[in-house]
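Trainee: Below is run-v1.pdb; it holds PDB, C-alpha atoms, pLDDT in the B column.
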```
ATOM      1  CA  MET A   1      85.805   9.681 -45.103  1.00 69.00           C
ATOM      2  CA  SER A   2      83.484  10.231 -42.175  1.00 81.00           C
ATOM      3  CA  PHE A   3      83.582   9.015 -38.615  1.00 84.00           C
ATOM      4  CA  PRO A   4      80.660   7.516 -36.721  1.00 92.00           C
ATOM      5  CA  LYS A   5      78.536   9.927 -34.673  1.00 92.00           C
ATOM      6  CA  GLY A   6      80.243  10.667 -31.347  1.00 91.00           C
ATOM      7  CA  PHE A   7      83.710   9.650 -32.565  1.00 94.00           C
ATOM      8  CA  MET A   8      86.365  11.877 -31.010  1.00 94.00           C
ATOM      9  CA  TRP A   9      89.031  12.911 -33.516  1.00 95.00           C
ATOM     10  CA  GLY A  10      91.902  14.912 -32.150  1.00 96.00           C
ATOM     11  CA  GLY A  11      95.357  15.171 -30.746  1.00 95.00           C
ATOM     12  CA  ALA A  12      97.045  15.067 -27.377  1.00 96.00           C
ATOM     13  CA  ILE A  13      99.910  16.575 -25.456  1.00 96.00           C
ATOM     14  CA  ALA A  14     101.278  16.446 -21.939  1.00 96.00           C
ATOM     15  CA  ALA A  15     101.758  19.767 -20.144  1.00 96.00           C
ATOM     16  CA  ASN A  16     105.324  18.896 -19.135  1.00 93.00           C
ATOM     17  CA  GLN A  17     106.297  18.088 -22.708  1.00 93.00           C
ATOM     18  CA  ALA A  18     104.621  20.998 -24.446  1.00 96.00           C
ATOM     19  CA  GLU A  19     103.854  24.059 -22.332  1.00 97.00           C
ATOM     20  CA  GLY A  20     107.302  25.434 -21.612  1.00 97.00           C
ATOM     21  CA  ALA A  21     107.062  28.629 -19.523  1.00 97.00           C
ATOM     22  CA  TRP A  22     108.375  26.474 -16.712  1.00 95.00           C
ATOM     23  CA  LEU A  23     108.711  29.311 -14.176  1.00 96.00           C
ATOM     24  CA  GLU A  24     106.147  31.818 -15.455  1.00 97.00           C
ATOM     25  CA  ASP A  25     103.073  33.231 -13.733  1.00 97.00           C
ATOM     26  CA  GLY A  26     103.856  31.667 -10.375  1.00 97.00           C
ATOM     27  CA  LYS A  27     104.588  28.132 -11.589  1.00 97.00           C
ATOM     28  CA  LYS A  28     107.389  26.364  -9.785  1.00 96.00           C
ATOM     29  CA  PRO A  29     109.330  23.295 -10.957  1.00 95.00           C
ATOM     30  CA  ASN A  30     107.709  19.899 -11.373  1.00 94.00           C
ATOM     31  CA  ILE A  31     109.682  16.682 -11.098  1.00 92.00           C
ATOM     32  CA  THR A  32     109.876  16.527 -14.895  1.00 90.00           C
ATOM     33  CA  ASP A  33     111.548  19.951 -14.997  1.00 93.00           C
ATOM     34  CA  VAL A  34     114.787  18.531 -13.595  1.00 91.00           C
ATOM     35  CA  MET A  35     114.942  15.544 -15.939  1.00 83.00           C
ATOM     36  CA  VAL A  36     117.226  15.681 -18.953  1.00 71.00           C
ATOM     37  CA  GLY A  37     116.181  12.433 -20.571  1.00 60.00           C
ATOM     38  CA  ILE A  38     115.126   8.874 -19.925  1.00 56.00           C
ATOM     39  CA  GLY A  39     117.793   7.044 -17.973  1.00 58.00           C
ATOM     40  CA  SER A  40     119.821  10.211 -17.482  1.00 64.00           C
ATOM     41  CA  LYS A  41     122.613   9.936 -14.941  1.00 70.00           C
ATOM     42  CA  ASP A  42     122.315  13.684 -14.406  1.00 70.00           C
ATOM     43  CA  PRO A  43     118.771  14.253 -13.138  1.00 76.00           C
ATOM     44  CA  GLY A  44     119.208  17.883 -12.057  1.00 86.00           C
ATOM     45  CA  LEU A  45     118.951  16.980  -8.371  1.00 87.00           C
ATOM     46  CA  LYS A  46     121.587  16.502  -5.710  1.00 88.00           C
ATOM     47  CA  TRP A  47     121.426  15.090  -2.206  1.00 89.00           C
ATOM     48  CA  ASN A  48     122.236  17.634   0.505  1.00 91.00           C
ATOM     49  CA  GLU A  49     123.963  15.792   3.368  1.00 94.00           C
ATOM     50  CA  GLU A  50     123.376  18.708   5.775  1.00 94.00           C
ATOM     51  CA  THR A  51     119.610  18.885   5.308  1.00 91.00           C
ATOM     52  CA  GLY A  52     119.036  15.246   4.415  1.00 90.00           C
ATOM     53  CA  LYS A  53     116.955  16.344   1.431  1.00 88.00           C
ATOM     54  CA  TRP A  54     117.127  16.497  -2.340  1.00 88.00           C
ATOM     55  CA  GLU A  55     117.566  19.908  -3.915  1.00 88.00           C
ATOM     56  CA  MET A  56     117.464  21.201  -7.448  1.00 89.00           C
ATOM     57  CA  ALA A  57     120.881  21.347  -9.107  1.00 90.00           C
ATOM     58  CA  LEU A  58     120.392  22.025 -12.802  1.00 91.00           C
ATOM     59  CA  ASN A  59     123.418  21.481 -14.998  1.00 86.00           C
ATOM     60  CA  PRO A  60     123.975  24.584 -17.187  1.00 86.00           C
ATOM     61  CA  GLU A  61     125.547  22.319 -19.829  1.00 84.00           C
ATOM     62  CA  LYS A  62     122.300  20.363 -20.272  1.00 85.00           C
ATOM     63  CA  LYS A  63     119.080  21.233 -22.084  1.00 85.00           C
ATOM     64  CA  TYR A  64     115.961  20.597 -20.018  1.00 88.00           C
ATOM     65  CA  LEU A  65     113.293  20.089 -22.650  1.00 87.00           C
ATOM     66  CA  SER A  66     110.313  20.890 -20.431  1.00 91.00           C
ATOM     67  CA  HIS A  67     111.612  24.401 -19.772  1.00 94.00           C
ATOM     68  CA  GLU A  68     110.663  25.457 -23.305  1.00 93.00           C
ATOM     69  CA  GLY A  69     108.629  22.559 -24.706  1.00 94.00           C
ATOM     70  CA  ILE A  70     106.920  23.780 -27.868  1.00 96.00           C
ATOM     71  CA  ASP A  71     105.990  26.999 -26.043  1.00 97.00           C
ATOM     72  CA  PHE A  72     102.350  25.894 -25.979  1.00 98.00           C
ATOM     73  CA  TYR A  73     101.819  28.210 -22.998  1.00 98.00           C
ATOM     74  CA  HIS A  74     102.268  31.219 -25.291  1.00 98.00           C
ATOM     75  CA  ARG A  75     101.242  29.699 -28.640  1.00 98.00           C
ATOM     76  CA  TYR A  76      98.199  27.542 -27.844  1.00 98.00           C
ATOM     77  CA  ARG A  77      95.817  29.810 -29.792  1.00 97.00           C
ATOM     78  CA  GLU A  78      97.838  29.319 -32.985  1.00 97.00           C
ATOM     79  CA  ASP A  79      98.087  25.591 -32.303  1.00 97.00           C
ATOM     80  CA  MET A  80      94.327  25.293 -31.733  1.00 96.00           C
ATOM     81  CA  LYS A  81      93.685  26.981 -35.098  1.00 97.00           C
ATOM     82  CA  LEU A  82      95.949  24.449 -36.825  1.00 97.00           C
ATOM     83  CA  MET A  83      94.108  21.594 -35.097  1.00 96.00           C
ATOM     84  CA  GLN A  84      90.767  23.110 -36.047  1.00 95.00           C
ATOM     85  CA  GLY A  85      91.987  23.154 -39.648  1.00 95.00           C
ATOM     86  CA  MET A  86      92.596  19.409 -39.401  1.00 95.00           C
ATOM     87  CA  GLY A  87      88.993  18.890 -38.326  1.00 93.00           C
ATOM     88  CA  PHE A  88      89.745  17.938 -34.717  1.00 96.00           C
ATOM     89  CA  ASN A  89      86.709  17.790 -32.451  1.00 96.00           C
ATOM     90  CA  ALA A  90      88.668  16.828 -29.314  1.00 97.00           C
ATOM     91  CA  PHE A  91      91.976  17.676 -27.715  1.00 98.00           C
ATOM     92  CA  ARG A  92      93.613  15.987 -24.741  1.00 97.00           C
ATOM     93  CA  THR A  93      96.013  17.774 -22.467  1.00 97.00           C
ATOM     94  CA  SER A  94      97.210  17.405 -18.940  1.00 97.00           C
ATOM     95  CA  ILE A  95      97.197  20.062 -16.259  1.00 97.00           C
ATOM     96  CA  ALA A  96     100.499  20.902 -14.584  1.00 96.00           C
ATOM     97  CA  TRP A  97      99.902  20.554 -10.842  1.00 97.00           C
ATOM     98  CA  GLY A  98     102.791  22.989 -10.208  1.00 96.00           C
ATOM     99  CA  ARG A  99     101.031  25.637 -12.282  1.00 97.00           C
ATOM    100  CA  ILE A 100      97.944  25.393 -10.041  1.00 98.00           C
ATOM    101  CA  PHE A 101      99.701  24.761  -6.714  1.00 98.00           C
ATOM    102  CA  PRO A 102     103.339  25.803  -7.252  1.00 98.00           C
ATOM    103  CA  ASN A 103     104.712  23.879  -4.263  1.00 98.00           C
ATOM    104  CA  GLY A 104     101.861  21.395  -4.222  1.00 98.00           C
ATOM    105  CA  ASN A 105     100.946  21.905  -0.585  1.00 98.00           C
ATOM    106  CA  GLU A 106      99.344  25.368  -0.665  1.00 98.00           C
ATOM    107  CA  THR A 107      95.756  25.767   0.451  1.00 95.00           C
ATOM    108  CA  GLU A 108      94.873  28.361  -2.205  1.00 97.00           C
ATOM    109  CA  PRO A 109      95.517  27.863  -5.920  1.00 98.00           C
ATOM    110  CA  ASN A 110      97.607  30.073  -8.160  1.00 98.00           C
ATOM    111  CA  GLU A 111      95.013  32.136 -10.038  1.00 98.00           C
ATOM    112  CA  ALA A 112      97.386  32.826 -12.941  1.00 98.00           C
ATOM    113  CA  GLY A 113      97.728  29.082 -13.486  1.00 98.00           C
ATOM    114  CA  LEU A 114      93.973  28.570 -13.387  1.00 98.00           C
ATOM    115  CA  LYS A 115      93.488  31.449 -15.812  1.00 98.00           C
ATOM    116  CA  PHE A 116      95.815  29.799 -18.323  1.00 98.00           C
ATOM    117  CA  TYR A 117      93.718  26.631 -18.315  1.00 98.00           C
ATOM    118  CA  ASP A 118      90.445  28.634 -18.330  1.00 98.00           C
ATOM    119  CA  ASP A 119      91.645  30.439 -21.450  1.00 98.00           C
ATOM    120  CA  LEU A 120      92.926  27.229 -23.049  1.00 98.00           C
ATOM    121  CA  PHE A 121      89.643  25.366 -22.482  1.00 98.00           C
ATOM    122  CA  ASP A 122      87.644  28.363 -23.740  1.00 98.00           C
ATOM    123  CA  GLU A 123      89.786  28.388 -26.899  1.00 97.00           C
ATOM    124  CA  MET A 124      89.235  24.659 -27.421  1.00 97.00           C
ATOM    125  CA  LEU A 125      85.481  25.047 -27.100  1.00 97.00           C
ATOM    126  CA  LYS A 126      85.464  28.113 -29.366  1.00 97.00           C
ATOM    127  CA  ASP A 127      87.336  26.088 -31.976  1.00 96.00           C
ATOM    128  CA  GLY A 128      84.848  23.201 -31.703  1.00 96.00           C
ATOM    129  CA  MET A 129      87.039  20.851 -29.673  1.00 97.00           C
ATOM    130  CA  GLU A 130      85.957  18.882 -26.631  1.00 97.00           C
ATOM    131  CA  PRO A 131      88.567  19.196 -23.864  1.00 97.00           C
ATOM    132  CA  VAL A 132      89.785  15.794 -22.649  1.00 97.00           C
ATOM    133  CA  ILE A 133      91.771  16.327 -19.491  1.00 96.00           C
ATOM    134  CA  THR A 134      94.421  14.277 -17.720  1.00 96.00           C
ATOM    135  CA  LEU A 135      94.892  15.511 -14.159  1.00 94.00           C
ATOM    136  CA  SER A 136      98.555  14.601 -14.042  1.00 89.00           C
ATOM    137  CA  HIS A 137     101.062  13.334 -16.561  1.00 90.00           C
ATOM    138  CA  TYR A 138     104.029  12.966 -14.189  1.00 84.00           C
ATOM    139  CA  GLU A 139     103.710  16.621 -13.167  1.00 86.00           C
ATOM    140  CA  THR A 140     104.151  16.358  -9.407  1.00 95.00           C
ATOM    141  CA  PRO A 141     105.584  19.586  -7.955  1.00 97.00           C
ATOM    142  CA  LEU A 142     109.288  19.151  -7.243  1.00 96.00           C
ATOM    143  CA  PHE A 143     108.887  20.645  -3.758  1.00 97.00           C
ATOM    144  CA  LEU A 144     106.750  17.663  -2.728  1.00 96.00           C
ATOM    145  CA  MET A 145     109.634  15.365  -3.603  1.00 93.00           C
ATOM    146  CA  THR A 146     112.409  17.449  -2.088  1.00 93.00           C
ATOM    147  CA  GLU A 147     110.471  18.361   1.072  1.00 94.00           C
ATOM    148  CA  TYR A 148     108.476  15.192   1.743  1.00 94.00           C
ATOM    149  CA  GLY A 149     110.205  12.491  -0.283  1.00 91.00           C
ATOM    150  CA  GLY A 150     107.398  12.299  -2.830  1.00 92.00           C
ATOM    151  CA  TRP A 151     104.598   9.781  -2.750  1.00 94.00           C
ATOM    152  CA  SER A 152     106.245   7.786   0.028  1.00 94.00           C
ATOM    153  CA  ASP A 153     104.804  10.428   2.375  1.00 97.00           C
ATOM    154  CA  ARG A 154     101.070   9.992   2.894  1.00 97.00           C
ATOM    155  CA  ARG A 155     100.553  13.772   3.198  1.00 98.00           C
ATOM    156  CA  LEU A 156     100.735  13.878  -0.585  1.00 97.00           C
ATOM    157  CA  ILE A 157      97.345  12.182  -0.718  1.00 97.00           C
ATOM    158  CA  GLU A 158      95.763  15.212   0.986  1.00 98.00           C
ATOM    159  CA  TYR A 159      97.670  17.628  -1.267  1.00 98.00           C
ATOM    160  CA  TRP A 160      96.512  15.652  -4.322  1.00 97.00           C
ATOM    161  CA  LYS A 161      92.915  15.673  -3.083  1.00 97.00           C
ATOM    162  CA  ASN A 162      93.079  19.455  -2.633  1.00 98.00           C
ATOM    163  CA  TYR A 163      94.424  19.872  -6.187  1.00 98.00           C
ATOM    164  CA  VAL A 164      91.768  17.592  -7.676  1.00 97.00           C
ATOM    165  CA  THR A 165      88.969  19.218  -5.660  1.00 97.00           C
ATOM    166  CA  VAL A 166      89.939  22.670  -6.935  1.00 97.00           C
ATOM    167  CA  LEU A 167      89.895  21.409 -10.521  1.00 96.00           C
ATOM    168  CA  PHE A 168      86.579  19.567 -10.157  1.00 96.00           C
ATOM    169  CA  ASN A 169      84.958  22.593  -8.536  1.00 96.00           C
ATOM    170  CA  ARG A 170      86.315  24.890 -11.235  1.00 93.00           C
ATOM    171  CA  TYR A 171      85.631  22.768 -14.308  1.00 89.00           C
TER     172      TYR A 171
END
```
Just give me the structure of the file as structure tokens.
Mentor:
Amino acid sequence: MSFPKGFMWGGAIAANQAEGAWLEDGKKPNITDVMVGIGSKDPGLKWNEETGKWEMALNPEKKYLSHEGIDFYHRYREDMKLMQGMGFNAFRTSIAWGRIFPNGNETEPNEAGLKFYDDLFDEMLKDGMEPVITLSHYETPLFLMTEYGGWSDRRLIEYWKNYVTVLFNRY
């Protein structure tokens, strides 16, 4: 069987579901890192009456799937080889905003986070796969929610623009 010229054949993941390494190389928690499951009544956050803000309150009895994912952060080279063996010519992934800007509001990016994606994209290209990138797959840094109330605060637009500008200038 052959595909038409230009047909993209590949797979896809979301950073928050696959990468793991949730606090490595400068990354800080994303909103998804405190979620246990869809509709969970135990989201890993609690309201602090004194500060009037949400804060992280992970339940040690719960398993937070994004903390380990499939350990793509450490195993992506192996995974790319498997995909290459399946004849993939494209691979879609998202970029974890909290890996690039750990709190989300920094002015300078986390170089270790950028290096991970540099290496990942280089590996994709080396293995004959076109990177297809999603800028965010629900990976808003948790700090932006706990400090500013999330997207209800218009400052997040500027933080998002800074994140996107860094990525566009880099890639």
Trainee: Quick one: everything within 10 Å of Phe116 in chain A, counting all atoms listed in the file, minus sequence neighbours fewer than 2 positions away in the same chain. Send it as a VMD selection string.
Mentor: chain A and resid 25 73 to 74 99 to 100 111 to 114 118 to 122
Trainee: Selected by the PyMOL selection byres ((chain A and resi 140) around 10) in the shown coordinates: which residues, as a ChimeraX atom specification?
Mentor: /A:29-33,96-98,101-104,136-139,141-145,150-151,156,160
Trainee: Residues as selected, C-alpha atoms, written as a short mmCIF file (atom, residue, chain, number, x, y, z; two decimals), in the coordinates of the input, can you do that?
Mentor:
```cif
data_model
loop_
_atom_site.label_atom_id
_atom_site.label_comp_id
_atom_site.auth_asym_id
_atom_site.auth_seq_id
_atom_site.Cartn_x
_atom_site.Cartn_y
_atom_site.Cartn_z
CA PRO A 29 109.33 23.30 -10.96
CA ASN A 30 107.71 19.90 -11.37
CA ILE A 31 109.68 16.68 -11.10
CA THR A 32 109.88 16.53 -14.90
CA ASP A 33 111.55 19.95 -15.00
CA ALA A 96 100.50 20.90 -14.58
CA TRP A 97 99.90 20.55 -10.84
CA GLY A 98 102.79 22.99 -10.21
CA PHE A 101 99.70 24.76 -6.71
CA PRO A 102 103.34 25.80 -7.25
CA ASN A 103 104.71 23.88 -4.26
CA GLY A 104 101.86 21.40 -4.22
CA SER A 136 98.56 14.60 -14.04
CA HIS A 137 101.06 13.33 -16.56
CA TYR A 138 104.03 12.97 -14.19
CA GLU A 139 103.71 16.62 -13.17
CA PRO A 141 105.58 19.59 -7.96
CA LEU A 142 109.29 19.15 -7.24
CA PHE A 143 108.89 20.64 -3.76
CA LEU A 144 106.75 17.66 -2.73
CA MET A 145 109.63 15.36 -3.60
CA GLY A 150 107.40 12.30 -2.83
CA TRP A 151 104.60 9.78 -2.75
CA LEU A 156 100.74 13.88 -0.58
CA TRP A 160 96.51 15.65 -4.32
#
```
Trainee: Find the residues of range 31-137 of chain A that sit at most 8 Å from range 3-24 of chain A; for each, write down the nearest two atoms and how far apart they are in Å, to one decimal. Count only C-alpha atoms. Sort by chain, then by number going up, and give it as a Markdown table.
Mentor:
```
| residue | atom | partner | partner_atom | distance |
| --- | --- | --- | --- | --- |
| A:Thr32 | CA | A:Asn16 | CA | 6.7 |
| A:Asp33 | CA | A:Trp22 | CA | 7.5 |
| A:Leu65 | CA | A:Gln17 | CA | 7.3 |
| A:Ser66 | CA | A:Gln17 | CA | 5.4 |
| A:His67 | CA | A:Gly20 | CA | 4.8 |
| A:Glu68 | CA | A:Gly20 | CA | 3.8 |
| A:Gly69 | CA | A:Ala18 | CA | 4.3 |
| A:Ile70 | CA | A:Ala18 | CA | 5.0 |
| A:Asp71 | CA | A:Gly20 | CA | 4.9 |
| A:Phe72 | CA | A:Glu19 | CA | 4.4 |
| A:Tyr73 | CA | A:Glu19 | CA | 4.7 |
| A:His74 | CA | A:Glu19 | CA | 7.9 |
| A:Met83 | CA | A:Gly10 | CA | 7.6 |
| A:Gly87 | CA | A:Trp9 | CA | 7.7 |
| A:Phe88 | CA | A:Gly10 | CA | 4.5 |
| A:Asn89 | CA | A:Trp9 | CA | 5.5 |
| A:Ala90 | CA | A:Gly10 | CA | 4.7 |
| A:Phe91 | CA | A:Gly11 | CA | 5.2 |
| A:Arg92 | CA | A:Ala12 | CA | 4.4 |
| A:Thr93 | CA | A:Ile13 | CA | 5.1 |
| A:Ser94 | CA | A:Ala14 | CA | 5.1 |
| A:Ile95 | CA | A:Ala15 | CA | 6.0 |
| A:Ala96 | CA | A:Ala15 | CA | 5.8 |
| A:His137 | CA | A:Ala14 | CA | 6.2 |
```
Trainee: Can you work out which one of A:Asn48, A:Asn105, A:Asn169, A:Ser2 has the shortest atom-to-atom distance to Ile157 in chain A, counting only C-alpha atoms?
Mentor: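 Comparing A:Asn48, A:Asn105, A:Asn169, A:Ser2 against Ile157 in chain A, the winner is A:Asn105.
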Trainee: Would you kindly return, as a PyMOL selection string, each protein, DNA or RNA residue with an atom no farther than 7 Å from any atom of Glu55 in chain A, considering only C-alpha atoms and excluding same-chain residues fewer than 3 positions away?
Mentor: chain A and resi 45-48+146
Trainee: Between CA of Tyr159 in chain A and CA of Pro109 in chain A, what is the distance in Å, rounded to a tenth?
Mentor: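 Those two atoms sit 11.4 Å apart.
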Trainee: Using Å and a single decimal, report how far CA of Thr51 in chain A sits from CA of Val34 in chain A.
Mentor: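 Spanning CA of Val34 in chain A to CA of Thr51 in chain A is a straight-line distance of 19.5 Å.
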Trainee: Could you work out how far CA of Ile133 in chain A lies from CA of Glu106 in chain A, giving the answer in Å with one decimal?
Mentor: 22.2 Å
Trainee: Considering only C-alpha atoms, state which residue in the set A:Leu58, A:Thr107, A:Pro43, A:Glu78 is at the smallest distance from Lys161 in chain A.
Mentor: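 Going through A:Leu58, A:Thr107, A:Pro43, A:Glu78 one by one, the smallest distance to Lys161 in chain A is for A:Thr107.
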Trainee: Using the file's own x, y and z axes, so that the box edges lie along x, y and z, what centre and edge lengths in Å (one decimal) does a box around every listed atom of range 97-111 of chain A get when 6 Å is added on each side? Give it as lines of an AutoDock Vina configuration file.
Mentor:
```
center_x = 99.8
center_y = 26.3
center_z = -5.9
size_x = 21.8
size_y = 23.6
size_z = 24.7
```
